[in-house]
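Contents: one structure, followed by commentary.
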Amino acid sequence: MNIKKKIFLLVVCVMALIGLTTYWMKSTRSTYLASIEFEKKLPEVGRPGGYVSSSQCKSCHPEQYSTWHDTYHRTMTQHASEETVLGDFNNVILYDADFAYQLVSNKDGYFVDVYAFPKGIEPDLNKYKEIAKLENRYQVGLLTGSHNMQVCWLTSESGNLQKIFPFAWLISDKRWVPRKDIFLRDPKLPMKLQVWNNSCYRCHSTAAQPLPNLETGAAHSKVAETGIGCEACHGPGKEHIDFYSNPLERYSRHNKSQDAHLGKSDYKNFITNPAKLNSKLSSHTCAQCHSVKWFVDGPELWKKGFSFKPGDDLNERTPVVRPTQIENQPWLHSLIKKSP
């Protein structure tokens with residue numbers, strides 16, 4: 001091969017390499033920008049009040065962190081990703097009332113295309129796709145549940161507001177079912193559009209702040225952690241971590257803790273251990289989610305979130321519904337009439 005041919009092949013190879021590199025960079029940048037936009041539509045992780053997230057507990061408490069990490073509590077709310085989505089998004093078509101929902105996925109995420117049909121036309125996307133109107137494409141933002149079923153929440157243009165997808169994935173059955181059919185409820189009551197930022201945040205995340213904009217209807221919610229993290233049961237961890245980051249203090253306090261047994265000791269631990277609370281307050285730690293409560297919405301709750309922290313008396317934070325003590329809950333009668 002003469003020198004001209006060698007130079008020509010070299011130039012071709014260089015040009016091909018430049019082309020491939022440019023394509024890869026554009027593709028990577030596009031994916032990166034899509035990821036940034038997606039993150040903006042999710043509840044922001046990180047909030048004031050001394051919350052640091054479970055990842056900060058791992059170095060000193062590896063065994064506890066490991067056992068927590070294996071629980072369903074951790075995965076109670078997750079960001080939608082290839083690792084977390086359990087439902088079938090392989091061009092599945094679902095029908096509800098006059099709408100068709102086509103579930104698709106690509107490198108940018110998981111999406112729901114909503115189609116509407118002209119009046120009098122059977123909602124069948126296979127038959128009438130040419131006259132069906134694509135109303136909107138929604139991206140799946142959050143997922144709640146990871147044990148019996150998984151519910152999808154759809155991002156919106158209203159800040160990081162997350163709206164319910166009307167179908168849920170039954171994990172053991174491996175199929176989609178209408179969400180309205182899997183909750184015990186009065187079938188005569190109309191279904192309301194459920195918003196994660198308005199209700200589900202209370203028990204499906206750690207220390208969430210709804211932060212709605214009442215004028216625009218948007219939300220700019222923050223959470224200490226998307227799932228049920230260490231701080232949900234132990235309270236904010238910053239003071240605890242800051243204090244025990246000093247090795248001398250850590251070992252000094254550790255020796256004293258051997259004599260503390262149950263109850264309060266002569267040193268400040270900066271954190272709540274439910275095992276060292278009395279039985280009532282210990283059970284209230286669980287009851288903050290595992291009980292029936294009546295939340296009184298208002299500016300304080302919307303701005304700061306639910307005020308209960310482990311170690312508090314739950315009864316002082318929100319009315320707890322006790323069917324066996326109905327006579328001691330006169331406030332409940334009017335609420336039942338208002339909201340059956």
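In the structure tokens, each chain is lettered A, B, ... as it comes, each chain's residues begin at 1, and ligands are numbered from 1 in order of appearance.
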
Using only C-alpha atoms, which protein or nucleic acid residues come within 9 Å of A:Asn315? Drop anything in the same chain fewer than 4 positions from it, and give the result as a CSV table (one decimal) with N, CA, C and O atoms, in the first residue's frame.
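Output saved as part.csv:
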```csv
chain,number,residue,atom,x,y,z
A,284,HIS,N,-45.9,4.9,69.9
A,284,HIS,CA,-46.3,6.1,69.1
A,284,HIS,C,-45.3,6.3,67.9
A,284,HIS,O,-45.7,6.9,66.9
A,319,PRO,N,-55.1,14.3,66.0
A,319,PRO,CA,-56.1,13.4,66.5
A,319,PRO,C,-56.0,12.0,65.9
A,319,PRO,O,-55.9,11.8,64.7
A,320,VAL,N,-55.9,11.0,66.8
A,320,VAL,CA,-55.8,9.6,66.4
A,320,VAL,C,-57.2,9.0,66.5
A,320,VAL,O,-57.8,9.1,67.6
```

Test item, strand (DSSP E) assignment across stretch 87-236 of chain A, answer as JSON, numbers by chain: {"A": [92, 93, 94, 95, 96, 99, 100, 101, 102, 103, 104, 105, 106, 109, 110, 111, 112, 113, 114, 115, 116, 133, 134, 135, 136, 137, 138, 139, 140, 141, 142, 143, 144, 149, 150, 151, 152, 153, 154, 155, 162, 163, 164, 165, 166, 167, 168, 169, 170, 175, 176, 177, 178, 222, 223]}

Go through A:Glu82, A:Asp96, A:Glu316, A:Asp70 and flag the residue nearest A:Arg179, using only C-alpha atoms for the distances. A:Asp96

Residues of stretch 22-127 of chain A within 12 Å of stretch 221-244 of chain A: nearest atom pair and distance (Å, one decimal) for each, counting only C-alpha atoms, sorted by chain and number, as a tab-separated table?
```
residue	atom	partner	partner_atom	distance
A:Lys40	CA	A:Ser221	CA	10.8
A:Lys41	CA	A:Ser221	CA	9.9
A:Leu42	CA	A:Ser221	CA	8.3
A:Pro43	CA	A:Ser221	CA	5.1
A:Glu44	CA	A:Lys222	CA	4.6
A:Val45	CA	A:Val223	CA	5.1
A:Gly46	CA	A:Ala224	CA	5.0
A:Arg47	CA	A:Ala224	CA	5.7
A:Pro48	CA	A:Ala224	CA	8.4
A:Gly49	CA	A:Pro236	CA	7.1
A:Gly50	CA	A:Lys238	CA	4.9
A:Tyr51	CA	A:Pro236	CA	4.6
A:Val52	CA	A:Lys238	CA	6.0
A:Ser53	CA	A:Glu225	CA	5.9
A:Ser54	CA	A:Cys230	CA	5.4
A:Ser55	CA	A:Cys230	CA	9.1
A:Gln56	CA	A:Ile241	CA	8.1
A:Cys57	CA	A:Cys230	CA	7.9
A:Lys58	CA	A:Cys230	CA	10.1
A:Ser59	CA	A:Ile241	CA	10.5
A:Cys60	CA	A:Ile241	CA	9.3
A:His61	CA	A:Cys230	CA	10.8
A:Gln64	CA	A:Cys230	CA	9.3
A:Tyr65	CA	A:Cys230	CA	8.2
A:Ser66	CA	A:Cys230	CA	11.4
A:Thr67	CA	A:Cys230	CA	11.1
A:Trp68	CA	A:Cys230	CA	7.8
A:His69	CA	A:Gly229	CA	8.9
A:Asp70	CA	A:Gly229	CA	11.7
A:Thr71	CA	A:Ile228	CA	9.5
A:Tyr72	CA	A:Ile228	CA	8.6
A:His73	CA	A:Ile228	CA	5.0
A:Arg74	CA	A:Gly227	CA	4.9
A:Thr75	CA	A:Gly227	CA	5.5
A:Met76	CA	A:Gly227	CA	5.0
A:Thr77	CA	A:Gly227	CA	4.6
A:Gln78	CA	A:Thr226	CA	6.1
A:His79	CA	A:Thr226	CA	8.0
A:Ala80	CA	A:Thr226	CA	11.6
```

From the options A:Ala218, A:Ala168, A:Ile121, A:Ile3, which residue's atoms come nearest to A:Ile182, counting only C-alpha atoms? A:Ala168

If DSSP is run on the backbone, what residues of stretch 54-126 of chain A are helix (DSSP H, G or I)? A reply as a PyMOL selection string would be ideal. chain A and resi 54-57+62-69+125-126

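Counting from atom CA of A:Phe89, the distance to atom CA of A:Val140 is 10.7 Å.
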
Separation of atom CA of A:Trp153 and atom CA of A:Val195, in Å?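 Separating atom CA of A:Trp153 from atom CA of A:Val195 is a distance of 8.2 Å.
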
Separation of atom CA of A:Gln150 from atom CA of A:Gly87, in Å and rounded to one decimal: 7.6 Å

For A:Leu281, list every protein, DNA or RNA residue within 7 Å, evaluated using only C-alpha atoms, and leave out those in the same chain fewer than 2 positions away; present the list as a list in words. Leu277, Asn278, Ser279, Ser283, His284, Thr285, Gly311, Asp312 and Asp313 of chain A
